[in-house]
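I have placed the structure first, in the form of structure tokens, so that the comments after it can refer back to it.
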Amino acid sequence: MKPCLLHVVLVILYILLTTLPINTNSLTGDLVEPIDKPFVENYENKELNFITVGDWGYEGTEPGQTVTNQYKVAKAMEAWAQYYHDDFVLNTGDNFYISYVGDHEGVTSVDDPKWNRIWKGVYKGRLAEIPWYTIAGNHDWYNNITAQVDYSLNYDSRFFLPSTYYVRESYIGPDKTKIAWIHIDTDIFYYNSTDLEETEKIPLKQQLKKFGWDSLQAKEDKLKWIEDRLVEQQNSKWIIVVGHHPLVGLCAMQYYMVRLRPLFEKYRVAAYFSGHAHTLQLELAKLGQPVTYFLSGAGSRMEERCPGQDWGVPDKVLGFLHTTINDTVMTYEYVDSTTLEPKVVYKGHVYPRY
Ligand SMILES: *[C@@H]1O[C@H](CO)[C@@H](O)[C@H](O)[C@H]1NC(C)=O
Ligand SMILES: *[C@@H]1O[C@H](CO)[C@@H](O)[C@H](O)[C@H]1NC(C)=O
Ligand SMILES: *[C@@H]1O[C@H](CO)[C@@H](O)[C@H](O)[C@H]1NC(C)=O
């Protein structure tokens with residue numbers, strides 16, 4: 001048979017398709033777009049143990065903030081992670097801050113010395129073996145957010161940030177109880193046009209624009225994505241959402257953040273984990289308010305709070321949240337690690353959807 005033009009075209013197409021790099025490794029705006037397909041994890045154990053920490057990469061030079069803050073929290077986290085044999089860290093964002101004069105926000109690139117200096121160099125023992133399921137905070141967006149995704153995809157997947165919105169499904173124990181984790185980027189919801197005029201936030205504004213995230217339609221699209229995932233996960237025993245900005249008390253009233261709580265309540269999310277405010281706070285599930293709203297943003301800085309909490313630490317407290325989750329109950333404890341003798345300051349339970 002003589003090769004016809006169609007054959008030639010097909011062969012060329014085949015070669016092109018198999019040799020061109022596919023999207024996952026291209027370093028364009030696609031990198032920050034939501035990933036629909038869940039990442040699946042299977043665990044033999046009947047329970048998962050994890051630490052939630054946020055706002056941790058600050059080396060401290062402002063009054064009252066010292067570089068030892070981050071080390072203190074890291075040491076206590078290491079002890080807890082070893083004791084409970086933790087499975088992962090839930091990282092609620094603001095991974096890298098500006099720390100001293102001449103320094104920069106976020107990271108500049110995958111080679112930024114901050115990767116080693118304030119992540120790998122600080123979190124040791126079990127914390128250096130387990131994945132950090134990460135989202136981006138505003139300080140990460142103030143610099144090169146794409147570099148954080150690139151680092152995760154191409155340099156160290158333990159810093160797990162395959163995009164700014166993604167879903168994980170964990171199956172635990174012989175019964176394969178399903179836990180769904182929906183990781184979202186709340187930077188698109190939290191800041192209105194006035195906020196984005198602040199000097200510090202100009203780079204965030206520019207990046208939102210660059211990725212086409214600056215329109216109201218883009219916010220609606222992201223809300224739709226979240227709702228679609230919530231619908232898709234209705235067969236999960238647990239649904240957990242993780243985002244940077246808090247929904248505790250009055251913090252839930254900020255701009256497009258007001259759209260999130262009704263969604264979480266409608267689709268019976270068990271808990272929302274957040275950071276951003278540099279404190280440890282909580283809004284409890286109760287009659288007519290079925291979601292537990294956790295805030296753990298005291299990984300290296302202190303103060304700034306959400307009024308209207310059910311529980312919270314006093315000013316000037318550092319720390320993190322430790323959680324164990326199984327088929328029937330989520331047990332949590334907040335750990336104050338301001339002093340060298342860390343202590344549990346609040347404990348509670350959350351129950352699954354049905
Ligand atoms: C940001 O990071 C990406 C991905 O690593 C890189 O391609 C890009 O050059 C960086 N941008 C700047 C302005 O350095
Ligand atoms: C934007 O939010 C800030 C609070 O962060 C508020 O003071 C301001 O009035 C809001 N502006 C608009 C245009 O809604
Ligand atoms: C889940 O944990 C609770 C509290 O530790 C325990 O009472 C319960 O038996 C556990 N459930 C399973 C299925 O292991």
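Ordering of the structure tokens sets the chain letters (A, B, ...), residue numbers begin anew at 1 in every chain, and ligands are numbered from 1 in the order given.
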Protein and nucleic acid residues within 8 Å of ligand 1 (only C-alpha atoms and all ligand atoms) as a ChimeraX atom specification: /A:27-28,108-110,144-151
Residues just named, written with C-alpha atoms as an mmCIF file, in the first residue's frame:
```cif
data_model
loop_
_atom_site.group_PDB
_atom_site.id
_atom_site.type_symbol
_atom_site.label_atom_id
_atom_site.label_comp_id
_atom_site.auth_asym_id
_atom_site.auth_seq_id
_atom_site.Cartn_x
_atom_site.Cartn_y
_atom_site.Cartn_z
ATOM 1 C CA LEU A 27 5.219 26.489 33.526
ATOM 2 C CA THR A 28 2.324 28.616 32.417
ATOM 3 C CA THR A 108 11.329 33.871 43.918
ATOM 4 C CA SER A 109 12.138 30.546 42.283
ATOM 5 C CA VAL A 110 12.614 26.827 42.824
ATOM 6 C CA ASN A 144 6.170 33.603 42.560
ATOM 7 C CA ILE A 145 3.336 31.182 43.285
ATOM 8 C CA THR A 146 4.134 29.236 40.116
ATOM 9 C CA ALA A 147 7.577 28.478 41.547
ATOM 10 C CA GLN A 148 5.963 26.740 44.546
ATOM 11 C CA VAL A 149 3.885 24.537 42.224
ATOM 12 C CA ASP A 150 6.946 23.892 40.044
ATOM 13 C CA TYR A 151 8.945 22.894 43.141
#
```
Test item: residues lying within 7 Å of ligand 2 with only C-alpha atoms and all ligand atoms, as a ChimeraX atom specification: /A:191-195,254-255
Okay, now the selection with N, CA and C atoms, as a JSON list (two decimals), in the first residue's frame?
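Result saved to again_39.json:
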```
[["chain", "number", "residue", "atom", "x", "y", "z"],
["A", 191, "TYR", "N", -9.99, 39.19, 49.04],
["A", 191, "TYR", "CA", -9.58, 40.58, 48.83],
["A", 191, "TYR", "C", -10.46, 41.29, 47.81],
["A", 192, "ASN", "N", -11.03, 42.41, 48.22],
["A", 192, "ASN", "CA", -11.84, 43.20, 47.28],
["A", 192, "ASN", "C", -10.94, 44.23, 46.58],
["A", 193, "SER", "N", -11.54, 45.03, 45.71],
["A", 193, "SER", "CA", -10.72, 45.93, 44.89],
["A", 193, "SER", "C", -9.98, 46.97, 45.74],
["A", 194, "THR", "N", -10.56, 47.38, 46.85],
["A", 194, "THR", "CA", -9.87, 48.35, 47.73],
["A", 194, "THR", "C", -8.64, 47.69, 48.35],
["A", 195, "ASP", "N", -8.82, 46.50, 48.88],
["A", 195, "ASP", "CA", -7.69, 45.78, 49.51],
["A", 195, "ASP", "C", -6.53, 45.64, 48.52],
["A", 254, "GLN", "N", -15.91, 38.39, 55.21],
["A", 254, "GLN", "CA", -15.06, 39.13, 54.28],
["A", 254, "GLN", "C", -15.41, 38.83, 52.81],
["A", 255, "TYR", "N", -15.88, 39.84, 52.10],
["A", 255, "TYR", "CA", -16.07, 39.81, 50.63],
["A", 255, "TYR", "C", -16.69, 38.47, 50.17]]
```
Near-ligand residues for ligand 3, threshold 6 Å, only C-alpha atoms and all ligand atoms, as a PyMOL selection string: chain A and resi 46+326-329
Counting only C-alpha atoms, the option among A:Phe39, A:Tyr97, A:Trp80, A:Phe320 closest to Trp141 in chain A: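 Of all the options, A:Tyr97 lies closest to Trp141 in chain A.
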Per residue of range 53-122 of chain A within 12 Å of range 166-171 of chain A, note the shortest atom pair and the distance in Å to one decimal, counting only C-alpha atoms, and order the rows by chain and increasing residue number, as a tab-separated table.
```
residue	atom	partner	partner_atom	distance
A:Asp87	CA	A:Ser170	CA	11.2
A:Phe88	CA	A:Ser170	CA	11.8
A:Leu90	CA	A:Arg168	CA	11.9
```
Please produce an output containing C-alpha atoms for each residue in the selection, written as a compact mmCIF listing (two decimals), in the first residue's frame.
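Listed below is the output, out_39.txt:
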```txt
# COMPACT_ATOMS: atom_id res chain seq x y z
CA ASP A 87 0.84 10.52 58.36
CA PHE A 88 1.11 14.06 57.02
CA LEU A 90 -1.91 19.85 56.60
```
Close residues, Leu318 in chain A itself excluded, 7 Å, only C-alpha atoms, min 5 positions apart in chain, as a ChimeraX atom specification: /A:73,279,298-302,336-338
Members of range 88-155 of chain A assigned alpha helix (DSSP H) by DSSP, as a list in words: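 Taking range 88-155 of chain A and keeping alpha helix (DSSP H) only, one gets Lys114, Asn138, His139, Asp140, Trp141, Ile145, Thr146, Ala147, Gln148, Val149, Asp150, Tyr151, Ser152, Leu153 and Asn154 of chain A.
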Write to file, as a PDB file, in the first residue's frame, the residues of the selection just made, with N, CA and C atoms.
```pdb
ATOM      1  N   LYS A 114      15.305  29.920  50.654  1.00  0.00           N
ATOM      2  CA  LYS A 114      14.298  29.712  51.691  1.00  0.00           C
ATOM      3  C   LYS A 114      13.806  28.256  51.746  1.00  0.00           C
ATOM      4  N   ASN A 138      -1.730  34.423  51.033  1.00  0.00           N
ATOM      5  CA  ASN A 138      -1.474  35.690  50.352  1.00  0.00           C
ATOM      6  C   ASN A 138       0.016  35.997  50.238  1.00  0.00           C
ATOM      7  N   HIS A 139       0.798  35.679  51.276  1.00  0.00           N
ATOM      8  CA  HIS A 139       2.234  35.982  51.200  1.00  0.00           C
ATOM      9  C   HIS A 139       2.933  35.133  50.142  1.00  0.00           C
ATOM     10  N   ASP A 140       2.392  33.962  49.844  1.00  0.00           N
ATOM     11  CA  ASP A 140       2.954  33.141  48.774  1.00  0.00           C
ATOM     12  C   ASP A 140       2.660  33.758  47.405  1.00  0.00           C
ATOM     13  N   TRP A 141       1.458  34.340  47.301  1.00  0.00           N
ATOM     14  CA  TRP A 141       1.059  35.004  46.055  1.00  0.00           C
ATOM     15  C   TRP A 141       1.806  36.313  45.831  1.00  0.00           C
ATOM     16  N   ILE A 145       4.122  32.350  42.889  1.00  0.00           N
ATOM     17  CA  ILE A 145       3.336  31.182  43.285  1.00  0.00           C
ATOM     18  C   ILE A 145       3.599  29.998  42.351  1.00  0.00           C
ATOM     19  N   THR A 146       3.837  30.300  41.090  1.00  0.00           N
ATOM     20  CA  THR A 146       4.134  29.236  40.116  1.00  0.00           C
ATOM     21  C   THR A 146       5.386  28.451  40.526  1.00  0.00           C
ATOM     22  N   ALA A 147       6.343  29.149  41.129  1.00  0.00           N
ATOM     23  CA  ALA A 147       7.577  28.478  41.547  1.00  0.00           C
ATOM     24  C   ALA A 147       7.294  27.442  42.644  1.00  0.00           C
ATOM     25  N   GLN A 148       6.297  27.718  43.494  1.00  0.00           N
ATOM     26  CA  GLN A 148       5.963  26.740  44.546  1.00  0.00           C
ATOM     27  C   GLN A 148       5.327  25.493  43.929  1.00  0.00           C
ATOM     28  N   VAL A 149       4.493  25.688  42.908  1.00  0.00           N
ATOM     29  CA  VAL A 149       3.885  24.537  42.224  1.00  0.00           C
ATOM     30  C   VAL A 149       4.967  23.764  41.457  1.00  0.00           C
ATOM     31  N   ASP A 150       5.835  24.504  40.787  1.00  0.00           N
ATOM     32  CA  ASP A 150       6.946  23.892  40.044  1.00  0.00           C
ATOM     33  C   ASP A 150       7.816  23.059  40.995  1.00  0.00           C
ATOM     34  N   TYR A 151       8.121  23.603  42.150  1.00  0.00           N
ATOM     35  CA  TYR A 151       8.945  22.894  43.141  1.00  0.00           C
ATOM     36  C   TYR A 151       8.286  21.563  43.517  1.00  0.00           C
ATOM     37  N   SER A 152       6.962  21.619  43.726  1.00  0.00           N
ATOM     38  CA  SER A 152       6.225  20.411  44.096  1.00  0.00           C
ATOM     39  C   SER A 152       6.232  19.386  42.963  1.00  0.00           C
ATOM     40  N   LEU A 153       5.997  19.849  41.745  1.00  0.00           N
ATOM     41  CA  LEU A 153       5.871  18.926  40.606  1.00  0.00           C
ATOM     42  C   LEU A 153       7.209  18.370  40.154  1.00  0.00           C
ATOM     43  N   ASN A 154       8.250  19.189  40.239  1.00  0.00           N
ATOM     44  CA  ASN A 154       9.506  18.783  39.595  1.00  0.00           C
ATOM     45  C   ASN A 154      10.720  18.660  40.520  1.00  0.00           C
TER      46      ASN A 154
END
```
